>>> print(open('structure_29.txt').read())   # compact mmCIF, C-alpha atoms
# COMPACT_ATOMS: atom_id res chain seq x y z
CA THR E 250 94.78 104.01 96.15
CA GLN E 251 97.26 104.80 98.91
CA LEU E 252 95.62 105.19 102.31
CA LEU E 253 98.36 107.56 103.46
CA GLU E 254 99.61 110.09 100.95
CA GLN E 255 102.97 111.76 101.45
CA SER E 256 104.15 114.94 99.78
CA PRO E 257 106.44 115.76 98.27
CA GLN E 258 107.73 112.43 96.98
CA PHE E 259 111.15 113.90 96.24
CA LEU E 260 112.89 116.86 97.85
CA SER E 261 116.39 118.16 97.12
CA ILE E 262 117.59 121.11 99.16
CA GLN E 263 120.78 122.84 100.27
CA GLU E 264 122.34 122.42 103.67
CA GLY E 265 120.88 124.89 106.15
CA GLU E 266 117.43 125.12 104.57
CA ASN E 267 114.20 124.20 106.36
CA LEU E 268 111.68 121.74 104.98
CA THR E 269 108.33 120.17 105.76
CA VAL E 270 107.02 116.77 104.69
CA TYR E 271 103.30 116.06 104.83
CA CYS E 272 101.37 112.87 105.45
CA ASN E 273 97.64 113.02 104.71
CA SER E 274 94.71 110.64 104.87
CA SER E 275 90.93 110.65 104.83
CA SER E 276 91.01 108.02 107.59
CA VAL E 277 91.43 108.47 111.32
CA PHE E 278 94.40 106.78 112.94
CA SER E 279 94.89 105.95 116.60
CA SER E 280 98.58 106.71 116.23
CA LEU E 281 100.98 107.74 113.51
CA GLN E 282 104.66 107.00 113.18
CA TRP E 283 107.56 108.44 111.23
CA TYR E 284 110.45 106.28 110.05
CA ARG E 285 113.73 107.04 108.33
CA GLN E 286 115.33 104.55 105.96
CA GLU E 287 118.82 104.60 104.52
CA PRO E 288 119.91 102.63 101.42
CA GLY E 289 120.43 98.93 102.11
CA GLU E 290 118.79 99.07 105.53
CA GLY E 291 115.37 98.64 107.09
CA PRO E 292 113.30 101.59 108.32
CA VAL E 293 114.13 102.95 111.76
CA LEU E 294 111.40 104.40 113.95
CA LEU E 295 111.86 108.11 114.73
CA VAL E 296 108.70 108.95 116.64
CA THR E 297 105.14 107.91 117.43
CA VAL E 298 102.39 110.50 117.94
CA VAL E 299 99.13 109.42 119.53
CA THR E 300 97.14 112.49 120.56
CA GLY E 301 95.41 114.87 118.15
CA GLY E 302 97.37 118.12 118.02
CA GLU E 303 100.43 116.53 119.61
CA VAL E 304 103.82 118.02 118.80
CA LYS E 305 107.07 116.13 119.42
CA LYS E 306 110.59 117.38 118.91
CA LEU E 307 113.67 115.30 118.21
CA LYS E 308 116.63 117.68 117.98
CA ARG E 309 116.05 119.57 114.71
CA LEU E 310 113.01 117.47 113.75
CA THR E 311 109.50 118.51 114.76
CA PHE E 312 106.58 116.13 114.30
CA GLN E 313 102.94 117.14 114.51
CA PHE E 314 99.76 115.06 114.57
CA GLY E 315 96.68 116.77 113.18
CA ASP E 316 93.81 117.66 115.50
CA ALA E 317 91.53 115.18 113.74
CA ARG E 318 94.26 112.47 113.73
CA LYS E 319 94.09 112.18 109.94
CA ASP E 320 97.33 113.89 109.03
CA SER E 321 100.82 114.60 110.24
CA SER E 322 103.84 116.67 109.32
CA LEU E 323 107.58 116.43 109.76
CA HIS E 324 109.54 119.68 109.84
CA ILE E 325 113.34 119.74 109.70
CA THR E 326 115.16 122.91 110.68
CA ALA E 327 118.58 123.72 109.22
CA ALA E 328 118.86 120.48 107.29
CA GLN E 329 122.22 118.72 107.15
CA PRO E 330 123.61 116.19 104.65
CA GLY E 331 123.23 113.53 107.36
CA ASP E 332 119.45 114.02 107.17
CA THR E 333 119.45 112.54 103.66
CA GLY E 334 117.23 109.48 103.45
CA LEU E 335 113.76 108.12 102.79
CA TYR E 336 111.18 109.36 105.29
CA LEU E 337 108.09 107.22 105.75
CA CYS E 338 104.92 107.90 107.68
CA ALA E 339 102.82 104.99 108.90
CA GLY E 340 99.49 104.82 110.68
CA ILE E 341 97.82 102.39 113.02
CA LYS E 342 94.04 102.28 113.07
CA ALA E 343 91.86 101.72 116.12
CA SER E 344 91.94 97.94 115.62
CA GLY E 345 95.64 98.20 116.37
CA SER E 346 96.90 95.15 114.52
CA ARG E 347 98.13 96.59 111.21
CA LEU E 348 100.49 99.32 110.10
CA THR E 349 99.83 101.20 106.86
CA PHE E 350 102.69 103.12 105.23
CA GLY E 351 102.77 106.14 102.97
CA GLU E 352 104.79 106.07 99.74
CA GLY E 353 107.73 107.86 101.32
CA THR E 354 109.60 111.12 100.74
CA GLN E 355 113.13 110.88 99.41
CA LEU E 356 115.10 113.75 100.92
CA THR E 357 118.51 114.81 99.61
CA VAL E 358 120.42 117.52 101.45
CA ASN E 359 123.30 118.87 99.40
CA PRO E 360 126.40 120.28 101.11
CA GLU S 270 122.73 92.21 120.35
CA ALA S 271 118.97 92.64 119.93
CA GLN S 272 118.13 92.25 116.28
CA VAL S 273 115.94 90.92 113.51
CA THR S 274 117.80 88.77 111.01
CA GLN S 275 116.73 87.74 107.54
CA ASN S 276 118.20 85.19 105.17
CA PRO S 277 119.13 85.29 102.44
CA ARG S 278 119.86 88.98 101.88
CA TYR S 279 119.86 88.58 98.11
CA LEU S 280 118.18 85.94 95.99
CA ILE S 281 117.78 85.38 92.27
CA THR S 282 115.39 82.62 91.27
CA VAL S 283 113.20 81.50 88.40
CA THR S 284 109.43 81.47 88.03
CA GLY S 285 107.76 78.60 89.86
CA LYS S 286 110.67 77.49 92.01
CA LYS S 287 109.53 77.41 95.64
CA LEU S 288 111.55 79.50 98.05
CA THR S 289 111.59 80.45 101.71
CA VAL S 290 112.92 83.61 103.28
CA THR S 291 113.68 83.18 106.96
CA CYS S 292 113.18 85.77 109.66
CA SER S 293 114.32 85.44 113.25
CA GLN S 294 114.25 87.81 116.24
CA ASN S 295 116.03 87.40 119.56
CA MET S 296 113.98 89.91 121.57
CA ASN S 297 111.09 87.64 122.64
CA HIS S 298 108.72 89.83 120.63
CA GLU S 299 105.06 88.89 120.28
CA TYR S 300 104.32 90.60 116.95
CA MET S 301 106.06 89.80 113.67
CA SER S 302 105.27 90.97 110.20
CA TRP S 303 106.40 90.83 106.58
CA TYR S 304 106.38 93.80 104.19
CA ARG S 305 107.37 94.31 100.60
CA GLN S 306 108.77 97.60 99.38
CA ASP S 307 108.37 98.73 95.77
CA PRO S 308 109.29 102.11 94.22
CA GLY S 309 106.50 104.65 94.57
CA LEU S 310 104.38 102.32 96.74
CA GLY S 311 106.13 102.48 100.09
CA LEU S 312 105.95 99.40 102.29
CA ARG S 313 102.93 97.15 102.03
CA GLN S 314 102.12 94.56 104.63
CA ILE S 315 101.95 90.94 103.42
CA TYR S 316 101.18 88.95 106.56
CA TYR S 317 101.46 89.48 110.28
CA SER S 318 101.42 87.37 113.41
CA MET S 319 100.36 88.49 116.87
CA ASN S 320 101.62 85.34 118.59
CA VAL S 321 102.61 81.72 118.02
CA GLU S 322 100.18 79.91 115.70
CA VAL S 323 98.28 83.19 115.09
CA THR S 324 98.71 84.69 111.62
CA ASP S 325 96.60 87.01 109.51
CA LYS S 326 96.61 88.61 106.08
CA GLY S 327 97.91 92.07 105.44
CA ASP S 328 97.23 94.20 102.38
CA VAL S 329 98.96 92.04 99.74
CA PRO S 330 98.91 88.37 100.85
CA GLU S 331 98.31 86.76 97.43
CA GLY S 332 101.09 84.38 96.43
CA TYR S 333 102.62 84.18 99.90
CA LYS S 334 102.37 81.88 102.90
CA VAL S 335 103.69 82.23 106.43
CA SER S 336 103.89 80.15 109.57
CA ARG S 337 104.61 80.94 113.21
CA LYS S 338 105.48 77.67 114.95
CA GLU S 339 107.96 79.30 117.31
CA LYS S 340 107.93 82.76 118.81
CA ARG S 341 111.28 83.77 117.37
CA ASN S 342 110.80 82.65 113.73
CA PHE S 343 108.43 83.84 111.02
CA PRO S 344 109.38 82.45 107.59
CA LEU S 345 107.89 83.80 104.36
CA ILE S 346 107.15 81.14 101.74
CA LEU S 347 106.64 81.71 98.04
CA GLU S 348 105.22 78.43 96.73
CA SER S 349 105.40 79.42 93.05
CA PRO S 350 107.19 82.74 92.64
CA SER S 351 106.30 84.99 89.72
CA PRO S 352 108.13 88.03 88.29
CA ASN S 353 105.66 90.43 89.97
CA GLN S 354 107.00 89.24 93.32
CA THR S 355 110.37 90.77 92.52
CA SER S 356 110.77 93.21 95.37
CA LEU S 357 112.58 94.19 98.55
CA TYR S 358 111.19 92.29 101.52
CA PHE S 359 111.39 93.33 105.17
CA CYS S 360 110.59 91.37 108.29
CA ALA S 361 109.75 93.31 111.46
CA SER S 362 108.91 92.55 115.07
CA SER S 363 107.58 94.39 118.09
CA LEU S 364 107.34 93.54 121.76
CA PHE S 365 103.60 93.56 122.25
CA ALA S 366 100.81 92.18 120.06
CA SER S 367 100.73 95.42 118.10
CA PRO S 368 102.82 96.97 115.30
CA GLU S 369 103.87 99.85 117.59
CA THR S 370 107.63 100.24 117.95
CA GLN S 371 108.59 97.76 115.26
CA TYR S 372 112.19 96.77 114.63
CA PHE S 373 112.97 95.99 111.03
CA GLY S 374 115.38 93.48 109.60
CA PRO S 375 117.98 94.45 106.97
CA GLY S 376 115.85 93.35 104.02
CA THR S 377 115.93 90.62 101.37
CA ARG S 378 116.20 91.65 97.75
CA LEU S 379 114.44 89.10 95.54
CA LEU S 380 114.58 88.89 91.77
CA VAL S 381 112.27 86.40 90.05
CA LEU S 382 113.16 85.73 86.41
>>> encode(input="structure_29.txt", output="structure tokens")
Amino acid sequence: TQLLEQSPQFLSIQEGENLTVYCNSSSVFSSLQWYRQEPGEGPVLLVTVVTGGEVKKLKRLTFQFGDARKDSSLHITAAQPGDTGLYLCAGIKASGSRLTFGEGTQLTVNP
Amino acid sequence: EAQVTQNPRYLITVTGKKLTVTCSQNMNHEYMSWYRQDPGLGLRQIYYSMNVEVTDKGDVPEGYKVSRKEKRNFPLILESPSPNQTSLYFCASSLFASPETQYFGPGTRLLVL
């Protein structure tokens, strides 16, 4: 059973569309991270959210941490082909020593 | 250039033949970790180390060994590889004794026949 569940697992959209990826858990996390991974490379950290209800923006990407610190979302506005990749959420629990990943969302943005 | 390096990048081996995947970081990071990535399962942590001579199990440690004799190196050892260890392996490091702000290596693709 995956501790962090991401949805959808696959998403194919047209350039210019908006999209939201969800990361849900029944566990509380002290912080939650979002990574992006391209083929043949390791994941690259996009953002860390630490406070319940926190919203962070990174250009066209908006990240939100749920009030109860059990879930998070990633919203992309006006998606571009360069946004194509595997998006991974990952959580750190209060003990702080381990990182647990979701299954990932494979996003394809078609020109 | 600050980086995490892994070697080899690709490896094909046979069941039972011991192998080591090396991981090295040049950023003086405290925390290092190994993950395996399988389709539909995301990344799962194998082992991690919060400092020299300090290692601990992650979620899927069975069949793997690690050591942290020096701060910069964290090799992953498969004493007797089996086909179910065919996977994409990533090493990562972070500055403090915590997985926050991890930098990942480029990955090692392993095929066990």
>>> closest_residue(input="structure_29.txt", among="E:Ser322, E:Thr300, E:Ser279, E:Thr357", to="chain S", atoms="all atoms listed in the file")
E:Ser279
>>> atom_distance(input="structure_29.txt", atom1="CA of Lys334 in chain S", atom2="CA of Ile346 in chain S")
5.0 Å
>>> interface_residues(input="structure_29.txt", of="chain S", to="chain E", cutoff="12 Å", atoms="all atoms listed in the file", output="PDB file with C-alpha atoms, keeping the file's coordinate frame")
ATOM      1  CA  GLN S 272     118.130  92.250 116.280  1.00  0.00           C
ATOM      2  CA  VAL S 273     115.940  90.920 113.510  1.00  0.00           C
ATOM      3  CA  THR S 274     117.800  88.770 111.010  1.00  0.00           C
ATOM      4  CA  GLN S 275     116.730  87.740 107.540  1.00  0.00           C
ATOM      5  CA  ARG S 278     119.860  88.980 101.880  1.00  0.00           C
ATOM      6  CA  TYR S 279     119.860  88.580  98.110  1.00  0.00           C
ATOM      7  CA  GLU S 299     105.060  88.890 120.280  1.00  0.00           C
ATOM      8  CA  TYR S 300     104.320  90.600 116.950  1.00  0.00           C
ATOM      9  CA  MET S 301     106.060  89.800 113.670  1.00  0.00           C
ATOM     10  CA  SER S 302     105.270  90.970 110.200  1.00  0.00           C
ATOM     11  CA  TRP S 303     106.400  90.830 106.580  1.00  0.00           C
ATOM     12  CA  TYR S 304     106.380  93.800 104.190  1.00  0.00           C
ATOM     13  CA  ARG S 305     107.370  94.310 100.600  1.00  0.00           C
ATOM     14  CA  GLN S 306     108.770  97.600  99.380  1.00  0.00           C
ATOM     15  CA  ASP S 307     108.370  98.730  95.770  1.00  0.00           C
ATOM     16  CA  PRO S 308     109.290 102.110  94.220  1.00  0.00           C
ATOM     17  CA  GLY S 309     106.500 104.650  94.570  1.00  0.00           C
ATOM     18  CA  LEU S 310     104.380 102.320  96.740  1.00  0.00           C
ATOM     19  CA  GLY S 311     106.130 102.480 100.090  1.00  0.00           C
ATOM     20  CA  LEU S 312     105.950  99.400 102.290  1.00  0.00           C
ATOM     21  CA  ARG S 313     102.930  97.150 102.030  1.00  0.00           C
ATOM     22  CA  GLN S 314     102.120  94.560 104.630  1.00  0.00           C
ATOM     23  CA  ILE S 315     101.950  90.940 103.420  1.00  0.00           C
ATOM     24  CA  TYR S 316     101.180  88.950 106.560  1.00  0.00           C
ATOM     25  CA  TYR S 317     101.460  89.480 110.280  1.00  0.00           C
ATOM     26  CA  SER S 318     101.420  87.370 113.410  1.00  0.00           C
ATOM     27  CA  MET S 319     100.360  88.490 116.870  1.00  0.00           C
ATOM     28  CA  ASN S 320     101.620  85.340 118.590  1.00  0.00           C
ATOM     29  CA  THR S 324      98.710  84.690 111.620  1.00  0.00           C
ATOM     30  CA  ASP S 325      96.600  87.010 109.510  1.00  0.00           C
ATOM     31  CA  LYS S 326      96.610  88.610 106.080  1.00  0.00           C
ATOM     32  CA  GLY S 327      97.910  92.070 105.440  1.00  0.00           C
ATOM     33  CA  ASP S 328      97.230  94.200 102.380  1.00  0.00           C
ATOM     34  CA  VAL S 329      98.960  92.040  99.740  1.00  0.00           C
ATOM     35  CA  LEU S 357     112.580  94.190  98.550  1.00  0.00           C
ATOM     36  CA  TYR S 358     111.190  92.290 101.520  1.00  0.00           C
ATOM     37  CA  PHE S 359     111.390  93.330 105.170  1.00  0.00           C
ATOM     38  CA  CYS S 360     110.590  91.370 108.290  1.00  0.00           C
ATOM     39  CA  ALA S 361     109.750  93.310 111.460  1.00  0.00           C
ATOM     40  CA  SER S 362     108.910  92.550 115.070  1.00  0.00           C
ATOM     41  CA  SER S 363     107.580  94.390 118.090  1.00  0.00           C
ATOM     42  CA  PHE S 365     103.600  93.560 122.250  1.00  0.00           C
ATOM     43  CA  ALA S 366     100.810  92.180 120.060  1.00  0.00           C
ATOM     44  CA  SER S 367     100.730  95.420 118.100  1.00  0.00           C
ATOM     45  CA  PRO S 368     102.820  96.970 115.300  1.00  0.00           C
ATOM     46  CA  GLU S 369     103.870  99.850 117.590  1.00  0.00           C
ATOM     47  CA  THR S 370     107.630 100.240 117.950  1.00  0.00           C
ATOM     48  CA  GLN S 371     108.590  97.760 115.260  1.00  0.00           C
ATOM     49  CA  TYR S 372     112.190  96.770 114.630  1.00  0.00           C
ATOM     50  CA  PHE S 373     112.970  95.990 111.030  1.00  0.00           C
ATOM     51  CA  GLY S 374     115.380  93.480 109.600  1.00  0.00           C
ATOM     52  CA  PRO S 375     117.980  94.450 106.970  1.00  0.00           C
ATOM     53  CA  GLY S 376     115.850  93.350 104.020  1.00  0.00           C
ATOM     54  CA  THR S 377     115.930  90.620 101.370  1.00  0.00           C
ATOM     55  CA  ARG S 378     116.200  91.650  97.750  1.00  0.00           C
TER      56      ARG S 378
END
>>> atom_distance(input="structure_29.txt", atom1="CA of Arg318 in chain E", atom2="CA of Phe278 in chain E")
5.7 Å
>>> atom_distance(input="structure_29.txt", atom1="CA of Cys272 in chain E", atom2="CA of Asp332 in chain E")
18.2 Å
>>> axis_aligned_box(input="structure_29.txt", around="range 313-325 of chain S", padding_each_side="3 Å", output="AutoDock Vina command-line options")
--center_x 99.8 --center_y 88.5 --center_z 110.3 --size_x 12.3 --size_y 23.2 --size_z 22.6
>>> build_atoms(input="structure_29.txt", residues="range 318-336 of chain S", atoms="N, CA and C atoms", output="tab-separated table (two decimals), in the frame of the given file")
chain	number	residue	atom	x	y	z
S	318	SER	N	101.71	88.37	112.39
S	318	SER	CA	101.42	87.37	113.41
S	318	SER	C	101.47	88.04	114.78
S	319	MET	N	100.41	87.86	115.56
S	319	MET	CA	100.36	88.49	116.87
S	319	MET	C	100.86	87.56	117.97
S	320	ASN	N	101.06	86.28	117.62
S	320	ASN	CA	101.62	85.34	118.59
S	320	ASN	C	101.82	83.99	117.89
S	321	VAL	N	102.37	83.04	118.59
S	321	VAL	CA	102.61	81.72	118.02
S	321	VAL	C	101.29	81.12	117.54
S	322	GLU	N	101.34	80.56	116.32
S	322	GLU	CA	100.18	79.91	115.70
S	322	GLU	C	99.05	80.88	115.35
S	323	VAL	N	99.29	82.19	115.46
S	323	VAL	CA	98.28	83.19	115.09
S	323	VAL	C	98.83	84.05	113.97
S	324	THR	N	98.27	83.88	112.76
S	324	THR	CA	98.71	84.69	111.62
S	324	THR	C	97.50	85.27	110.93
S	325	ASP	N	97.72	86.39	110.22
S	325	ASP	CA	96.60	87.01	109.51
S	325	ASP	C	97.12	87.76	108.31
S	326	LYS	N	96.23	87.96	107.33
S	326	LYS	CA	96.61	88.61	106.08
S	326	LYS	C	96.78	90.11	106.27
S	327	GLY	N	97.75	90.63	105.52
S	327	GLY	CA	97.91	92.07	105.44
S	327	GLY	C	97.22	92.59	104.19
S	328	ASP	N	97.85	93.58	103.56
S	328	ASP	CA	97.23	94.20	102.38
S	328	ASP	C	97.47	93.45	101.09
S	329	VAL	N	98.59	92.71	101.00
S	329	VAL	CA	98.96	92.04	99.74
S	329	VAL	C	99.39	90.60	100.00
S	330	PRO	N	98.50	89.73	100.48
S	330	PRO	CA	98.91	88.37	100.85
S	330	PRO	C	98.98	87.37	99.70
S	331	GLU	N	98.42	87.73	98.52
S	331	GLU	CA	98.31	86.76	97.43
S	331	GLU	C	99.69	86.29	96.98
S	332	GLY	N	99.84	84.97	96.89
S	332	GLY	CA	101.09	84.38	96.43
S	332	GLY	C	102.09	84.10	97.53
S	333	TYR	N	101.71	84.37	98.77
S	333	TYR	CA	102.62	84.18	99.90
S	333	TYR	C	101.97	83.30	100.96
S	334	LYS	N	102.81	82.63	101.72
S	334	LYS	CA	102.37	81.88	102.90
S	334	LYS	C	103.34	82.18	104.03
S	335	VAL	N	102.83	82.06	105.25
S	335	VAL	CA	103.69	82.23	106.43
S	335	VAL	C	103.32	81.16	107.45
S	336	SER	N	104.20	81.01	108.43
S	336	SER	CA	103.89	80.15	109.57
S	336	SER	C	104.57	80.73	110.79
